[in-house]
Structures are given as structure tokens and as C-alpha cells.
There are 2 protein chains.
Amino acid sequence: MDLLKQKISSEGRVIGTDILKVDSFLNHQVDPDLMKAIGEEFALIFEGQGITKVLTIESSGIAPALFTGLFLHVPVVFAKKTASRNLDTETYHAAVHSFTRGSEYIVRVSKRYLTAEDTVLLIDDFLARGRALMGLLEIAEQAGARVAGAGIVIEKGFQDGGSLIRSMGIRVESLAIIKEMSEEGSKITFADETKWATHMEEEKT
Amino acid sequence: MDLLKQKISSEGRVIGTDILKVDSFLNHQVDPDLMKAIGEEFALIFEGQGITKVLTIESSGIAPALFTGLFLHVPVVFAKKTASRNLDTETYHAAVHSFTRGSEYIVRVSKRYLTAEDTVLLIDDFLARGRALMGLLEIAEQAGARVAGAGIVIEKGFQDGGSLIRSMGIRVESLAIIKEMSEEGSKITFADETKWATHMEEEKT
């Protein structure tokens, strides 16, 4: 998705070897027009799959998931990371290890909002090691819901989450896949840029 | 806003005397069409105020804030409740006491995304005791930003947050104000229903 890649190239800040900060438009400050375009793109990619729910994790997944739900005309459910007295006690839950935070957290979804009748599309802002997505898959499995696939805004192609999830037979569609990046000058190379195109095609087949 | 009040009446669940669960459309499962209508309404109410940023708190404020930003054509910033190694170290922050969670938490906004040049519209899902909104006001003050007002999806009119914030001279516009509610049958009475209309008009003047 060119609009997204341009935004990542112009505003993304690379820290160290594996942190990409895109908090000017995705996960702190949010660009509503870009989120709308992203939601429309996911809806196009996954239309006709009989999707009944979009499932994401708070907080950064909410914006892209919301517009995806808008264009697919289905509700959006966001898994919660914290227990609250306002959340139903009857929940599906899964443990997720966060490499970003250096800790483990539990994601929860009320049993009211996901059932065996559902076909879910998973949406998240990042795919790196794949732990958050694994948590959502576990929750979908507990519900007995069918998983139509996963829509990812930014995939770190140099980490193993993408291949891990795809090897489970899950369709993963990422709007921007980063092949490599470097802190110096925040240089970011995408997987489908010309110089990598052949390489990636081989990987896909 | 009639569409919202109908949704609250038909799907809201009252627990005890002060908890209103609207997690079927607002803060766990989210109805994208309703959020769009809410965002459009806030944009109409606050248009022409020179708003440059919409400011909210993760997670439940994000959906209504996102569509408000879309219709006002400005970025949305969501204050973070947890420290992450991905958040800038240079932040504005404020302590917020949560009666729902029974604890205090810190909300943070990177100094990159709010400055003295900004006119902000605060958006949140609920206004009850007003503590979350006070936190956002404190952050706006730290930034030196002008506050155009606050747009609230659901105000618990029987708690003191609304009068507290309005007494500070802040314009607060709530799309649904609950006058009273009772657990039995989840009965909810809105402030502007006919039987309360005169009463509320007096309060406003």
C-alpha cells in the first residue's frame, strides 16, 4: 500500500535494530484519513469471506480495525489487556508475551461477543514475533470461531512472526512488509521494493 | 442524539447503582456505524472552533475520537495509560484516579504531539466523576494548548463530573446524559426526556 509506505518512509523513526516508531500516525497520534484508507484496503482484500466480526487488541489495533469493520459492515471487538470490574467474568483469554514491554499480559474477550457462529478477521498494527496474533488465534479457537485471516498494517519481515503464523495455514495480508531497516537516517527498505521483488516472490512460492 | 440513546436503552445493562455496561457497541465490541455518526455529530457541534487536534485516552475513547478527527480533518492523539519503551521519554503526564478500577494510573502524551500552537477538542466515552477529563485538561495545560471543549458520548448526569468540569468554564457537550438508572430491568432515564426537559433547561440557565 503505497500511501502507507510513503508515510512510514517519511515519518517512521528507527531505533536500534528492531524498533520502528510510527507514533506520529499509527499508535499514539493517529491519522484518521490514513486509517480509513487502510480499513478500506483490508475490506477489499478480505471481502466475500463471510466475515462477521473484526477482532483486534487494544489500543493500537483499534483504529485500523474500526475502519475495516466500517467497510465490511460488521462489529469490531477489541481484546482487553487489563481486567476491569466492567468486563464480564465469562471470558476467553490467552497469555501474550510482549517483547516491547518485556513482560507477559493476558488478553480477554467476553464470551458474549465471539461464538462458534462467527467468522473473524484479525487486525493488528504490527506483526513482529507474532505473539499478539497468536493470542488472538487462541481466543478465536476457544470460541470455536472460523478465522478468515489476519490483516496487518506493518509487518517486520525480518522477524519470524509472519512465517510462524503463515506456517499454521493462516492467511496473513500485510500492507507494508519491512525487509530491513537501520537507525542511521531511519532508513527503511520494504520487501516488495524492486530490488527485493524477485527474492520475495521466491519466498512466497 | 437519538440513535445513541436508543442503543443505550436497548443494549445497556445497569449493574448496581452506578455501572452502565455498553460493551456491546462502545467499549469492548464497537459498532463502527454508530461511532461514525457520533464523530460526525461532535464535528458538527465543534466546527469553526479552530480545532487542530482531537485528544482522548486509550482505549475506549479512541473509536469516537477517531471519527471526530476524520470529520474535523485533524489528527487524533490518544493519551497512554502505560509506559512503554516505545513511548518518548519527553511527555506531559497526569495522575488519574479510576473509580472503576479502584486505582490510580498515569496518562501520558508525547511532547511531540501537543504544543502551545494547538487548539484541542477532548473526547471520551464516559463522563462520571470527571477524573479522566481532568487528566486530559492537565495535559493540555502543560502543553499550553487551548481547549475548545469536551465531547462526551455518555454522561452520568447523576454524578458530579459534568458540573465539576463545566464550573471550570469548559464547554462540555454530551450526546446522552443519563438522569437516573436502575438495575431492575436496566431502566435508564435520560436528562432531556420530556419529563426532565424543563428541569434541565433551568439547570443550564
# chains A, B, ... in the order shown; residues from 1 in each chain; ligands from 1
$ calpha_fit_and_write --fixed "chain A" --moving "chain B" --output "PDB file with C-alpha atoms, in the first residue's frame"
ATOM      1  CA  MET B   1       0.037   0.007  -0.004  1.00  0.00           C
ATOM      2  CA  ASP B   2       1.962   2.982  -1.344  1.00  0.00           C
ATOM      3  CA  LEU B   3       0.331   5.681   0.807  1.00  0.00           C
ATOM      4  CA  LEU B   4       1.283   3.767   3.945  1.00  0.00           C
ATOM      5  CA  LYS B   5       4.842   3.060   2.815  1.00  0.00           C
ATOM      6  CA  GLN B   6       5.367   6.719   1.987  1.00  0.00           C
ATOM      7  CA  LYS B   7       4.158   7.636   5.451  1.00  0.00           C
ATOM      8  CA  ILE B   8       6.453   5.063   7.089  1.00  0.00           C
ATOM      9  CA  SER B   9       9.410   6.276   5.012  1.00  0.00           C
ATOM     10  CA  SER B  10       8.828   9.926   5.770  1.00  0.00           C
ATOM     11  CA  GLU B  11       7.762   9.746   9.429  1.00  0.00           C
ATOM     12  CA  GLY B  12       8.977   6.415  10.816  1.00  0.00           C
ATOM     13  CA  ARG B  13      11.877   6.583  13.241  1.00  0.00           C
ATOM     14  CA  VAL B  14      14.143   3.579  13.607  1.00  0.00           C
ATOM     15  CA  ILE B  15      15.689   2.976  17.015  1.00  0.00           C
ATOM     16  CA  GLY B  16      18.324   0.317  17.420  1.00  0.00           C
ATOM     17  CA  THR B  17      17.858  -2.656  15.144  1.00  0.00           C
ATOM     18  CA  ASP B  18      14.249  -3.602  15.764  1.00  0.00           C
ATOM     19  CA  ILE B  19      12.150  -0.662  16.986  1.00  0.00           C
ATOM     20  CA  LEU B  20      10.158   1.326  14.445  1.00  0.00           C
ATOM     21  CA  LYS B  21       8.342   4.288  15.931  1.00  0.00           C
ATOM     22  CA  VAL B  22       5.298   5.286  13.908  1.00  0.00           C
ATOM     23  CA  ASP B  23       3.575   7.154  16.692  1.00  0.00           C
ATOM     24  CA  SER B  24       3.004  10.226  14.516  1.00  0.00           C
ATOM     25  CA  PHE B  25       0.255   8.448  12.567  1.00  0.00           C
ATOM     26  CA  LEU B  26      -0.481   4.961  13.961  1.00  0.00           C
ATOM     27  CA  ASN B  27      -0.040   4.262  17.649  1.00  0.00           C
ATOM     28  CA  HIS B  28      -0.085   7.489  19.637  1.00  0.00           C
ATOM     29  CA  GLN B  29      -1.074  10.236  17.246  1.00  0.00           C
ATOM     30  CA  VAL B  30      -3.373   8.744  14.614  1.00  0.00           C
ATOM     31  CA  ASP B  31      -4.046   9.930  11.068  1.00  0.00           C
ATOM     32  CA  PRO B  32      -7.782   9.293  10.524  1.00  0.00           C
ATOM     33  CA  ASP B  33      -7.618   9.561   6.711  1.00  0.00           C
ATOM     34  CA  LEU B  34      -4.809   7.016   6.538  1.00  0.00           C
ATOM     35  CA  MET B  35      -6.688   4.684   8.895  1.00  0.00           C
ATOM     36  CA  LYS B  36      -9.741   4.989   6.650  1.00  0.00           C
ATOM     37  CA  ALA B  37      -7.665   4.082   3.587  1.00  0.00           C
ATOM     38  CA  ILE B  38      -6.168   1.124   5.488  1.00  0.00           C
ATOM     39  CA  GLY B  39      -9.590  -0.114   6.567  1.00  0.00           C
ATOM     40  CA  GLU B  40     -10.878   0.160   3.013  1.00  0.00           C
ATOM     41  CA  GLU B  41      -7.877  -1.818   1.754  1.00  0.00           C
ATOM     42  CA  PHE B  42      -8.372  -4.631   4.283  1.00  0.00           C
ATOM     43  CA  ALA B  43     -12.076  -4.764   3.423  1.00  0.00           C
ATOM     44  CA  LEU B  44     -11.224  -5.122  -0.274  1.00  0.00           C
ATOM     45  CA  ILE B  45      -8.648  -7.839   0.396  1.00  0.00           C
ATOM     46  CA  PHE B  46     -10.926  -9.921   2.617  1.00  0.00           C
ATOM     47  CA  GLU B  47     -14.367  -9.233   1.131  1.00  0.00           C
ATOM     48  CA  GLY B  48     -16.497 -12.256   0.217  1.00  0.00           C
ATOM     49  CA  GLN B  49     -15.048 -14.366   3.030  1.00  0.00           C
ATOM     50  CA  GLY B  50     -18.231 -14.277   5.087  1.00  0.00           C
ATOM     51  CA  ILE B  51     -16.588 -12.264   7.857  1.00  0.00           C
ATOM     52  CA  THR B  52     -18.942 -11.508  10.765  1.00  0.00           C
ATOM     53  CA  LYS B  53     -16.520  -9.865  13.209  1.00  0.00           C
ATOM     54  CA  VAL B  54     -13.256  -7.966  13.200  1.00  0.00           C
ATOM     55  CA  LEU B  55     -11.074  -8.862  16.192  1.00  0.00           C
ATOM     56  CA  THR B  56      -8.119  -6.801  17.401  1.00  0.00           C
ATOM     57  CA  ILE B  57      -6.227  -5.926  20.607  1.00  0.00           C
ATOM     58  CA  GLU B  58      -6.333  -2.608  22.423  1.00  0.00           C
ATOM     59  CA  SER B  59      -5.073   0.003  21.856  1.00  0.00           C
ATOM     60  CA  SER B  60      -3.180   0.459  18.608  1.00  0.00           C
ATOM     61  CA  GLY B  61      -5.188  -2.136  16.710  1.00  0.00           C
ATOM     62  CA  ILE B  62      -8.448  -0.278  17.281  1.00  0.00           C
ATOM     63  CA  ALA B  63      -8.058   2.462  14.657  1.00  0.00           C
ATOM     64  CA  PRO B  64      -7.307   0.220  11.651  1.00  0.00           C
ATOM     65  CA  ALA B  65      -9.801  -2.409  12.883  1.00  0.00           C
ATOM     66  CA  LEU B  66     -12.576   0.155  13.264  1.00  0.00           C
ATOM     67  CA  PHE B  67     -12.437   1.278   9.652  1.00  0.00           C
ATOM     68  CA  THR B  68     -12.110  -2.322   8.443  1.00  0.00           C
ATOM     69  CA  GLY B  69     -15.323  -3.105  10.323  1.00  0.00           C
ATOM     70  CA  LEU B  70     -16.956  -0.008   8.856  1.00  0.00           C
ATOM     71  CA  PHE B  71     -16.224  -1.080   5.280  1.00  0.00           C
ATOM     72  CA  LEU B  72     -17.063  -4.764   5.908  1.00  0.00           C
ATOM     73  CA  HIS B  73     -20.251  -3.701   7.756  1.00  0.00           C
ATOM     74  CA  VAL B  74     -19.507  -5.856  10.794  1.00  0.00           C
ATOM     75  CA  PRO B  75     -18.843  -5.130  14.491  1.00  0.00           C
ATOM     76  CA  VAL B  76     -15.306  -4.758  15.816  1.00  0.00           C
ATOM     77  CA  VAL B  77     -14.243  -6.457  19.049  1.00  0.00           C
ATOM     78  CA  PHE B  78     -11.090  -5.388  20.816  1.00  0.00           C
ATOM     79  CA  ALA B  79      -9.469  -7.808  23.230  1.00  0.00           C
ATOM     80  CA  LYS B  80      -8.689  -6.184  26.570  1.00  0.00           C
ATOM     81  CA  LYS B  81      -5.297  -6.287  28.207  1.00  0.00           C
ATOM     82  CA  THR B  82      -6.466  -5.423  31.692  1.00  0.00           C
ATOM     83  CA  ALA B  83      -9.109  -6.901  33.917  1.00  0.00           C
ATOM     84  CA  SER B  84     -11.801  -4.403  34.827  1.00  0.00           C
ATOM     85  CA  ARG B  85     -14.818  -4.767  37.033  1.00  0.00           C
ATOM     86  CA  ASN B  86     -16.772  -3.657  33.954  1.00  0.00           C
ATOM     87  CA  LEU B  87     -15.658  -6.690  31.907  1.00  0.00           C
ATOM     88  CA  ASP B  88     -17.772  -9.787  32.038  1.00  0.00           C
ATOM     89  CA  THR B  89     -16.374 -12.597  34.126  1.00  0.00           C
ATOM     90  CA  GLU B  90     -17.117 -15.102  31.370  1.00  0.00           C
ATOM     91  CA  THR B  91     -14.202 -14.541  29.015  1.00  0.00           C
ATOM     92  CA  TYR B  92     -11.888 -16.270  26.598  1.00  0.00           C
ATOM     93  CA  HIS B  93      -8.317 -15.407  27.484  1.00  0.00           C
ATOM     94  CA  ALA B  94      -4.783 -16.011  26.351  1.00  0.00           C
ATOM     95  CA  ALA B  95      -1.327 -15.086  27.645  1.00  0.00           C
ATOM     96  CA  VAL B  96       0.799 -12.925  25.379  1.00  0.00           C
ATOM     97  CA  HIS B  97       4.482 -12.228  25.840  1.00  0.00           C
ATOM     98  CA  SER B  98       5.366  -8.659  24.878  1.00  0.00           C
ATOM     99  CA  PHE B  99       8.954  -8.190  23.754  1.00  0.00           C
ATOM    100  CA  THR B 100       8.298  -4.429  23.598  1.00  0.00           C
ATOM    101  CA  ARG B 101       7.259  -4.228  27.226  1.00  0.00           C
ATOM    102  CA  GLY B 102       9.390  -7.094  28.429  1.00  0.00           C
ATOM    103  CA  SER B 103       6.501  -8.749  30.229  1.00  0.00           C
ATOM    104  CA  GLU B 104       3.537 -11.046  29.814  1.00  0.00           C
ATOM    105  CA  TYR B 105      -0.044  -9.911  29.743  1.00  0.00           C
ATOM    106  CA  ILE B 106      -3.441 -11.560  29.424  1.00  0.00           C
ATOM    107  CA  VAL B 107      -5.841 -10.669  26.609  1.00  0.00           C
ATOM    108  CA  ARG B 108      -9.521 -11.199  27.251  1.00  0.00           C
ATOM    109  CA  VAL B 109     -12.669 -11.254  25.145  1.00  0.00           C
ATOM    110  CA  SER B 110     -16.141 -11.604  26.620  1.00  0.00           C
ATOM    111  CA  LYS B 111     -17.904 -14.789  25.535  1.00  0.00           C
ATOM    112  CA  ARG B 112     -20.859 -12.607  24.584  1.00  0.00           C
ATOM    113  CA  TYR B 113     -19.043 -11.185  21.587  1.00  0.00           C
ATOM    114  CA  LEU B 114     -17.391 -14.161  19.912  1.00  0.00           C
ATOM    115  CA  THR B 115     -19.014 -17.507  19.231  1.00  0.00           C
ATOM    116  CA  ALA B 116     -18.748 -20.593  17.042  1.00  0.00           C
ATOM    117  CA  GLU B 117     -21.098 -18.854  14.601  1.00  0.00           C
ATOM    118  CA  ASP B 118     -18.485 -16.197  13.839  1.00  0.00           C
ATOM    119  CA  THR B 119     -15.967 -15.885  11.034  1.00  0.00           C
ATOM    120  CA  VAL B 120     -13.351 -13.444  12.280  1.00  0.00           C
ATOM    121  CA  LEU B 121     -10.802 -11.245  10.611  1.00  0.00           C
ATOM    122  CA  LEU B 122      -7.874 -10.454  12.901  1.00  0.00           C
ATOM    123  CA  ILE B 123      -6.407  -6.960  12.571  1.00  0.00           C
ATOM    124  CA  ASP B 124      -3.310  -5.561  14.256  1.00  0.00           C
ATOM    125  CA  ASP B 125      -0.960  -2.641  13.820  1.00  0.00           C
ATOM    126  CA  PHE B 126       2.272  -4.645  13.928  1.00  0.00           C
ATOM    127  CA  LEU B 127       3.417  -8.194  13.260  1.00  0.00           C
ATOM    128  CA  ALA B 128       6.911  -8.891  14.615  1.00  0.00           C
ATOM    129  CA  ARG B 129       7.366 -12.051  16.684  1.00  0.00           C
ATOM    130  CA  GLY B 130       3.688 -12.869  16.246  1.00  0.00           C
ATOM    131  CA  ARG B 131       2.825 -13.267  19.917  1.00  0.00           C
ATOM    132  CA  ALA B 132      -0.160 -10.891  19.931  1.00  0.00           C
ATOM    133  CA  LEU B 133      -1.623 -12.567  16.846  1.00  0.00           C
ATOM    134  CA  MET B 134      -1.102 -15.991  18.451  1.00  0.00           C
ATOM    135  CA  GLY B 135      -3.117 -14.737  21.415  1.00  0.00           C
ATOM    136  CA  LEU B 136      -5.978 -13.655  19.152  1.00  0.00           C
ATOM    137  CA  LEU B 137      -5.859 -17.006  17.330  1.00  0.00           C
ATOM    138  CA  GLU B 138      -6.054 -18.816  20.663  1.00  0.00           C
ATOM    139  CA  ILE B 139      -9.102 -16.760  21.623  1.00  0.00           C
ATOM    140  CA  ALA B 140     -10.775 -17.458  18.267  1.00  0.00           C
ATOM    141  CA  GLU B 141     -10.072 -21.171  18.784  1.00  0.00           C
ATOM    142  CA  GLN B 142     -11.564 -21.100  22.287  1.00  0.00           C
ATOM    143  CA  ALA B 143     -14.687 -19.522  20.799  1.00  0.00           C
ATOM    144  CA  GLY B 144     -14.802 -22.111  18.021  1.00  0.00           C
ATOM    145  CA  ALA B 145     -14.839 -19.258  15.503  1.00  0.00           C
ATOM    146  CA  ARG B 146     -13.488 -19.621  11.962  1.00  0.00           C
ATOM    147  CA  VAL B 147     -10.524 -17.374  11.152  1.00  0.00           C
ATOM    148  CA  ALA B 148     -10.671 -15.777   7.701  1.00  0.00           C
ATOM    149  CA  GLY B 149      -7.179 -14.398   8.058  1.00  0.00           C
ATOM    150  CA  ALA B 150      -5.129 -11.600   9.544  1.00  0.00           C
ATOM    151  CA  GLY B 151      -4.682  -8.076   8.248  1.00  0.00           C
ATOM    152  CA  ILE B 152      -1.511  -6.393   9.471  1.00  0.00           C
ATOM    153  CA  VAL B 153      -0.612  -2.753   8.962  1.00  0.00           C
ATOM    154  CA  ILE B 154       3.171  -3.147   9.305  1.00  0.00           C
ATOM    155  CA  GLU B 155       4.999  -6.483   9.275  1.00  0.00           C
ATOM    156  CA  LYS B 156       8.602  -6.685  10.363  1.00  0.00           C
ATOM    157  CA  GLY B 157       9.636  -9.126   7.678  1.00  0.00           C
ATOM    158  CA  PHE B 158      13.028  -9.621   9.326  1.00  0.00           C
ATOM    159  CA  GLN B 159      11.412 -11.198  12.395  1.00  0.00           C
ATOM    160  CA  ASP B 160       9.801 -14.607  12.485  1.00  0.00           C
ATOM    161  CA  GLY B 161       6.165 -13.826  13.310  1.00  0.00           C
ATOM    162  CA  GLY B 162       4.968 -13.737   9.709  1.00  0.00           C
ATOM    163  CA  SER B 163       6.419 -17.108   8.753  1.00  0.00           C
ATOM    164  CA  LEU B 164       5.291 -18.604  12.069  1.00  0.00           C
ATOM    165  CA  ILE B 165       1.645 -17.605  11.558  1.00  0.00           C
ATOM    166  CA  ARG B 166       1.637 -18.425   7.827  1.00  0.00           C
ATOM    167  CA  SER B 167       3.089 -21.874   8.581  1.00  0.00           C
ATOM    168  CA  MET B 168      -0.037 -22.523  10.652  1.00  0.00           C
ATOM    169  CA  GLY B 169      -2.087 -22.107   7.476  1.00  0.00           C
ATOM    170  CA  ILE B 170      -3.397 -18.661   8.396  1.00  0.00           C
ATOM    171  CA  ARG B 171      -3.707 -16.153   5.574  1.00  0.00           C
ATOM    172  CA  VAL B 172      -1.698 -13.075   6.577  1.00  0.00           C
ATOM    173  CA  GLU B 173      -1.953  -9.905   4.494  1.00  0.00           C
ATOM    174  CA  SER B 174       0.389  -7.103   5.485  1.00  0.00           C
ATOM    175  CA  LEU B 175       0.046  -3.675   3.895  1.00  0.00           C
ATOM    176  CA  ALA B 176       3.732  -2.909   4.381  1.00  0.00           C
ATOM    177  CA  ILE B 177       6.444  -5.511   4.940  1.00  0.00           C
ATOM    178  CA  ILE B 178       9.772  -4.185   6.119  1.00  0.00           C
ATOM    179  CA  LYS B 179      12.706  -6.134   4.784  1.00  0.00           C
ATOM    180  CA  GLU B 180      15.354  -4.273   6.701  1.00  0.00           C
ATOM    181  CA  MET B 181      15.886  -1.033   8.528  1.00  0.00           C
ATOM    182  CA  SER B 182      18.723   0.863  10.081  1.00  0.00           C
ATOM    183  CA  GLU B 183      18.871   3.528  12.778  1.00  0.00           C
ATOM    184  CA  GLU B 184      21.224   5.735  10.810  1.00  0.00           C
ATOM    185  CA  GLY B 185      18.960   8.144   8.949  1.00  0.00           C
ATOM    186  CA  SER B 186      15.997   5.872   9.846  1.00  0.00           C
ATOM    187  CA  LYS B 187      16.427   4.043   6.539  1.00  0.00           C
ATOM    188  CA  ILE B 188      13.675   1.533   5.811  1.00  0.00           C
ATOM    189  CA  THR B 189      13.591  -0.966   2.955  1.00  0.00           C
ATOM    190  CA  PHE B 190      10.329  -2.675   2.081  1.00  0.00           C
ATOM    191  CA  ALA B 191      10.098  -6.304   0.990  1.00  0.00           C
ATOM    192  CA  ASP B 192       8.352  -5.525  -2.270  1.00  0.00           C
ATOM    193  CA  GLU B 193      10.604  -2.739  -3.451  1.00  0.00           C
ATOM    194  CA  THR B 194      12.081  -3.540  -6.829  1.00  0.00           C
ATOM    195  CA  LYS B 195      15.336  -4.915  -5.545  1.00  0.00           C
ATOM    196  CA  TRP B 196      13.566  -7.432  -3.346  1.00  0.00           C
ATOM    197  CA  ALA B 197      10.631  -8.265  -5.595  1.00  0.00           C
ATOM    198  CA  THR B 198      12.071 -11.436  -7.155  1.00  0.00           C
ATOM    199  CA  HIS B 199      13.321 -12.638  -3.824  1.00  0.00           C
ATOM    200  CA  MET B 200       9.919 -12.245  -2.172  1.00  0.00           C
ATOM    201  CA  GLU B 201       8.081 -13.894  -5.053  1.00  0.00           C
ATOM    202  CA  GLU B 202      10.281 -16.949  -4.547  1.00  0.00           C
ATOM    203  CA  GLU B 203       9.493 -16.943  -0.866  1.00  0.00           C
ATOM    204  CA  LYS B 204       5.783 -16.813  -1.562  1.00  0.00           C
ATOM    205  CA  THR B 205       5.756 -19.763  -3.977  1.00  0.00           C
TER     206      THR B 205
END
$ select_by_dssp --residues "range 37-95 of chain B" --states "strand (DSSP E or B)" --output "VMD selection string"
chain B and resid 53 to 57 76 to 80 91 to 95
